[in-house]
Amino acid sequence: MARSRDRGAVMFEALLSTLLFLPWVTPVPPTPTPCQRCCDHLEPPEGDVAHMPEIRTHIDMTILKGEKGDRGERGTPGIQGVEGQPGRAGPDGPKGSKGGSGPPGVPCQRQHAAFSVGRRKALHSEEHYQTLLFDVTFVNLDDDFDMFSGRFRCRVPGIYFFNVNVHTWNFKETYLHVMQNDTERAIVYAQPSERSIMQSQSLMLPMGRGDQVWLRLFKRERENAIYSDDTDIYVTFNGHLIKSDEE
Ligand SMILES: *[C@@H]1O[C@H](CO)[C@@H](O)[C@H](O)[C@H]1NC(C)=O
């Protein structure tokens with residue numbers, strides 16, 4: 001093997017020297033001179049080069065090709081190209097598995113409002129309207145019922161139930177109103193009678209924050225009265241929240 005390679009190398013060198021010292025000669029035909037008449041003034045030819053055959057040397061470089069070299073070092077990365085347009089959305093993935101149960105919730109904090117008051121004294125009508133005041137407290141959550149003014153003042157807006165009970169005075173009229181602020185909402189009424197009786201009224205009202213509910217005895221022009229005494233409570237006024245607006 002080594003000997004044949006040596007012989008090949010010697011032959012190659014000989015061929016190379018032959019090619020170098022005896023190059024390929026390609027005769028190039030002279031460019032044709034323009035037609036001249038004999039009487040024309042003969043201009044000297046543009047140098048002898050024009051008539052000399054041009055010699056060009058062609059060496060087939062593929063013959064001189066050497067063995068393949070080692071791989072070069074990796075080049076530095078080029079600058080980043082322009083970002084392409086976003087592709088189309090892929091298909092929906094498979095449905096996930098069911099999650100675990102959440103933490104227990106906090107019990108809802110119900111809001112409350114309630115009052116129940118009573119009166120031990122009778123009341124007769126006067127020249128002007130009178131507010132029914134109370135002197136006994138059965139229930140008064142958060143002091144929503146103001147004993148001084150005789151008014152329930154709404155702290156928790158919502159729907160409320162109200163109830164009033166009075167005892168009539170014999171031979172006198174009984175005439176009062178359930179008031180919401182300055183508006184009459186319901187009446188408690190009884191004609192004069194020789195027998196006194198218990199009379200009542202109940203209703204529900206939507207109440208806004210700050211609204212007031214109270215009982216108003218009618219004026220003298222319709223003389224009227226309610227009965228009560230120290231031994232028993234004949235008059236009661238009750239109210240409580242049915243449903244808060246926030247629930
Ligand atoms: C009722 O009166 C109270 C106190 O003046 C007030 O805050 C409230 O807004 C009134 N309500 C209505 C419906 O006018």
# chains A, B, ... in the order shown; residues from 1 in each chain; ligands from 1

call {"tool": "residues_near_ligand", "arguments": {"ligand": "ligand 1", "cutoff": "10 Å", "atoms": "only C-alpha atoms and all ligand atoms", "output": "list in words"}}
result
Arg153, Cys154, Gln180, Asn181, Asp182, Thr183, Pro206, Met207, Gly208, Arg209, Gly210, Asp211, Gln212 and Val213 of chain A

call {"tool": "atom_distance", "arguments": {"atom1": "atom CA of A:Ser202", "atom2": "atom CA of A:Phe161"}}
result
7.4 Å

call {"tool": "residues_around", "arguments": {"residues": "A:Tyr189", "least_positions_apart": "4", "cutoff": "9 Å", "atoms": "only C-alpha atoms", "output": "count of residues only"}}
result
7

call {"tool": "atom_distance", "arguments": {"atom1": "atom CA of A:Ser116", "atom2": "atom CA of A:Trp214"}}
result
12.4 Å

call {"tool": "atom_distance", "arguments": {"atom1": "atom CA of A:Asp229", "atom2": "atom CA of A:His167"}}
result
10.4 Å

call {"tool": "residues_around", "arguments": {"residues": "A:Asn238", "least_positions_apart": "3", "cutoff": "8 Å", "atoms": "only C-alpha atoms", "output": "list in words"}}
result
Ala114, Phe115, Ser116, Val117, Phe162, Asn163 and Val164 of chain A

call {"tool": "write_last_selection", "arguments": {"atoms": "N, CA and C atoms", "output": "mmCIF file, in the first residue's frame"}}
result
data_model
loop_
_atom_site.group_PDB
_atom_site.id
_atom_site.type_symbol
_atom_site.label_atom_id
_atom_site.label_comp_id
_atom_site.auth_asym_id
_atom_site.auth_seq_id
_atom_site.Cartn_x
_atom_site.Cartn_y
_atom_site.Cartn_z
ATOM 1 N N ALA A 114 -85.081 43.481 66.947
ATOM 2 C CA ALA A 114 -86.368 43.114 67.568
ATOM 3 C C ALA A 114 -86.607 43.978 68.802
ATOM 4 N N PHE A 115 -87.867 44.276 69.015
ATOM 5 C CA PHE A 115 -88.233 44.999 70.238
ATOM 6 C C PHE A 115 -89.642 44.577 70.653
ATOM 7 N N SER A 116 -89.896 44.702 71.942
ATOM 8 C CA SER A 116 -91.242 44.473 72.476
ATOM 9 C C SER A 116 -91.365 45.314 73.735
ATOM 10 N N VAL A 117 -92.300 46.276 73.701
ATOM 11 C CA VAL A 117 -92.437 47.217 74.826
ATOM 12 C C VAL A 117 -93.902 47.271 75.271
ATOM 13 N N PHE A 162 -94.544 44.307 62.337
ATOM 14 C CA PHE A 162 -94.917 45.128 63.488
ATOM 15 C C PHE A 162 -96.303 44.712 63.963
ATOM 16 N N ASN A 163 -96.515 44.892 65.284
ATOM 17 C CA ASN A 163 -97.810 44.537 65.889
ATOM 18 C C ASN A 163 -98.080 45.475 67.059
ATOM 19 N N VAL A 164 -99.324 45.914 67.156
ATOM 20 C CA VAL A 164 -99.714 46.780 68.271
ATOM 21 C C VAL A 164 -101.013 46.240 68.883
#

call {"tool": "residues_around", "arguments": {"residues": "stretch 137-140 of chain A", "least_positions_apart": "4", "cutoff": "10 Å", "atoms": "only C-alpha atoms", "output": "ChimeraX atom specification"}}
result
/A:113-119,144-147,152,236-240

call {"tool": "write_last_selection", "arguments": {"atoms": "C-alpha atoms", "output": "short mmCIF file (atom, residue, chain, number, x, y, z; two decimals), in the first residue's frame"}}
result
data_model
loop_
_atom_site.label_atom_id
_atom_site.label_comp_id
_atom_site.auth_asym_id
_atom_site.auth_seq_id
_atom_site.Cartn_x
_atom_site.Cartn_y
_atom_site.Cartn_z
CA ALA A 113 -83.47 43.51 65.12
CA ALA A 114 -86.37 43.11 67.57
CA PHE A 115 -88.23 45.00 70.24
CA SER A 116 -91.24 44.47 72.48
CA VAL A 117 -92.44 47.22 74.83
CA GLY A 118 -95.49 47.80 77.05
CA ARG A 119 -97.42 50.63 78.65
CA ASP A 144 -83.16 50.15 68.54
CA PHE A 145 -86.37 51.23 70.26
CA ASP A 146 -85.91 54.67 71.79
CA MET A 147 -87.95 54.73 75.01
CA PHE A 152 -88.20 52.22 66.69
CA THR A 236 -97.92 46.47 73.77
CA PHE A 237 -95.93 47.40 70.70
CA ASN A 238 -93.76 44.77 68.99
CA GLY A 239 -91.53 44.58 65.92
CA HIS A 240 -88.76 42.46 64.45
#

call {"tool": "select_by_dssp", "arguments": {"residues": "stretch 43-180 of chain A", "states": "strand (DSSP E)", "output": "PyMOL selection string"}}
result
chain A and resi 114-119+123-124+130-131+136-140+145-146+151-153+158-168+174-180

call {"tool": "write_last_selection", "arguments": {"atoms": "N, CA and C atoms", "output": "short mmCIF file (atom, residue, chain, number, x, y, z; two decimals), in the first residue's frame"}}
result
data_model
loop_
_atom_site.label_atom_id
_atom_site.label_comp_id
_atom_site.auth_asym_id
_atom_site.auth_seq_id
_atom_site.Cartn_x
_atom_site.Cartn_y
_atom_site.Cartn_z
N ALA A 114 -85.08 43.48 66.95
CA ALA A 114 -86.37 43.11 67.57
C ALA A 114 -86.61 43.98 68.80
N PHE A 115 -87.87 44.28 69.01
CA PHE A 115 -88.23 45.00 70.24
C PHE A 115 -89.64 44.58 70.65
N SER A 116 -89.90 44.70 71.94
CA SER A 116 -91.24 44.47 72.48
C SER A 116 -91.36 45.31 73.73
N VAL A 117 -92.30 46.28 73.70
CA VAL A 117 -92.44 47.22 74.83
C VAL A 117 -93.90 47.27 75.27
N GLY A 118 -94.13 47.73 76.51
CA GLY A 118 -95.49 47.80 77.05
C GLY A 118 -95.74 49.12 77.77
N ARG A 119 -97.03 49.38 77.99
CA ARG A 119 -97.42 50.63 78.65
C ARG A 119 -98.42 50.31 79.77
N LEU A 123 -104.20 56.74 78.27
CA LEU A 123 -103.87 57.97 77.56
C LEU A 123 -105.13 58.54 76.92
N HIS A 124 -105.34 59.84 77.13
CA HIS A 124 -106.48 60.53 76.53
C HIS A 124 -105.98 61.48 75.45
N GLN A 130 -100.45 62.88 69.74
CA GLN A 130 -99.51 62.41 70.77
C GLN A 130 -98.83 61.12 70.32
N THR A 131 -97.58 61.04 70.69
CA THR A 131 -96.85 59.79 70.45
C THR A 131 -97.08 58.89 71.65
N VAL A 136 -92.38 49.93 79.83
CA VAL A 136 -91.88 48.57 80.11
C VAL A 136 -91.14 48.05 78.88
N THR A 137 -89.96 47.50 79.12
CA THR A 137 -89.19 46.91 78.02
C THR A 137 -89.15 45.40 78.19
N PHE A 138 -89.70 44.68 77.24
CA PHE A 138 -89.57 43.22 77.24
C PHE A 138 -88.31 42.81 76.46
N VAL A 139 -88.22 43.34 75.27
CA VAL A 139 -87.05 43.06 74.41
C VAL A 139 -86.67 44.37 73.73
N ASN A 140 -85.38 44.65 73.68
CA ASN A 140 -84.93 45.83 72.94
C ASN A 140 -83.49 45.61 72.47
N PHE A 145 -85.16 50.49 69.89
CA PHE A 145 -86.37 51.23 70.26
C PHE A 145 -85.99 52.31 71.28
N ASP A 146 -86.25 53.55 70.92
CA ASP A 146 -85.91 54.67 71.79
C ASP A 146 -87.07 54.94 72.75
N ARG A 151 -89.98 55.64 69.61
CA ARG A 151 -89.82 55.28 68.19
C ARG A 151 -88.80 54.15 68.02
N PHE A 152 -89.16 53.22 67.13
CA PHE A 152 -88.20 52.22 66.69
C PHE A 152 -87.42 52.82 65.53
N ARG A 153 -86.09 52.79 65.64
CA ARG A 153 -85.24 53.37 64.60
C ARG A 153 -84.51 52.25 63.88
N GLY A 158 -84.45 46.30 55.80
CA GLY A 158 -85.06 45.03 55.40
C GLY A 158 -86.56 45.05 55.61
N ILE A 159 -87.12 43.87 55.64
CA ILE A 159 -88.57 43.73 55.84
C ILE A 159 -88.82 43.45 57.32
N TYR A 160 -89.73 44.22 57.90
CA TYR A 160 -90.04 44.11 59.32
C TYR A 160 -91.50 43.75 59.54
N PHE A 161 -91.75 43.06 60.63
CA PHE A 161 -93.12 42.78 61.09
C PHE A 161 -93.37 43.64 62.32
N PHE A 162 -94.54 44.31 62.34
CA PHE A 162 -94.92 45.13 63.49
C PHE A 162 -96.30 44.71 63.96
N ASN A 163 -96.51 44.89 65.28
CA ASN A 163 -97.81 44.54 65.89
C ASN A 163 -98.08 45.47 67.06
N VAL A 164 -99.32 45.91 67.16
CA VAL A 164 -99.71 46.78 68.27
C VAL A 164 -101.01 46.24 68.88
N ASN A 165 -101.09 46.27 70.23
CA ASN A 165 -102.30 45.83 70.94
C ASN A 165 -102.68 46.91 71.95
N VAL A 166 -103.94 47.29 71.91
CA VAL A 166 -104.42 48.29 72.89
C VAL A 166 -105.73 47.79 73.50
N HIS A 167 -106.10 48.44 74.58
CA HIS A 167 -107.40 48.14 75.19
C HIS A 167 -108.25 49.40 75.07
N THR A 168 -109.47 49.28 74.61
CA THR A 168 -110.33 50.45 74.42
C THR A 168 -110.89 50.91 75.77
N THR A 174 -111.52 54.70 70.08
CA THR A 174 -110.09 54.35 70.06
C THR A 174 -109.60 54.58 68.64
N TYR A 175 -108.57 55.44 68.53
CA TYR A 175 -108.19 55.89 67.18
C TYR A 175 -106.70 56.26 67.18
N LEU A 176 -105.91 55.38 66.69
CA LEU A 176 -104.47 55.68 66.56
C LEU A 176 -103.92 55.06 65.28
N HIS A 177 -102.70 55.49 64.92
CA HIS A 177 -102.07 55.04 63.66
C HIS A 177 -100.69 54.44 63.92
N VAL A 178 -100.37 53.46 63.10
CA VAL A 178 -98.98 52.98 63.02
C VAL A 178 -98.30 53.88 62.00
N MET A 179 -97.27 54.59 62.45
CA MET A 179 -96.59 55.56 61.58
C MET A 179 -95.22 55.06 61.15
N GLN A 180 -94.88 55.35 59.88
CA GLN A 180 -93.49 55.15 59.41
C GLN A 180 -93.00 56.54 59.01
#
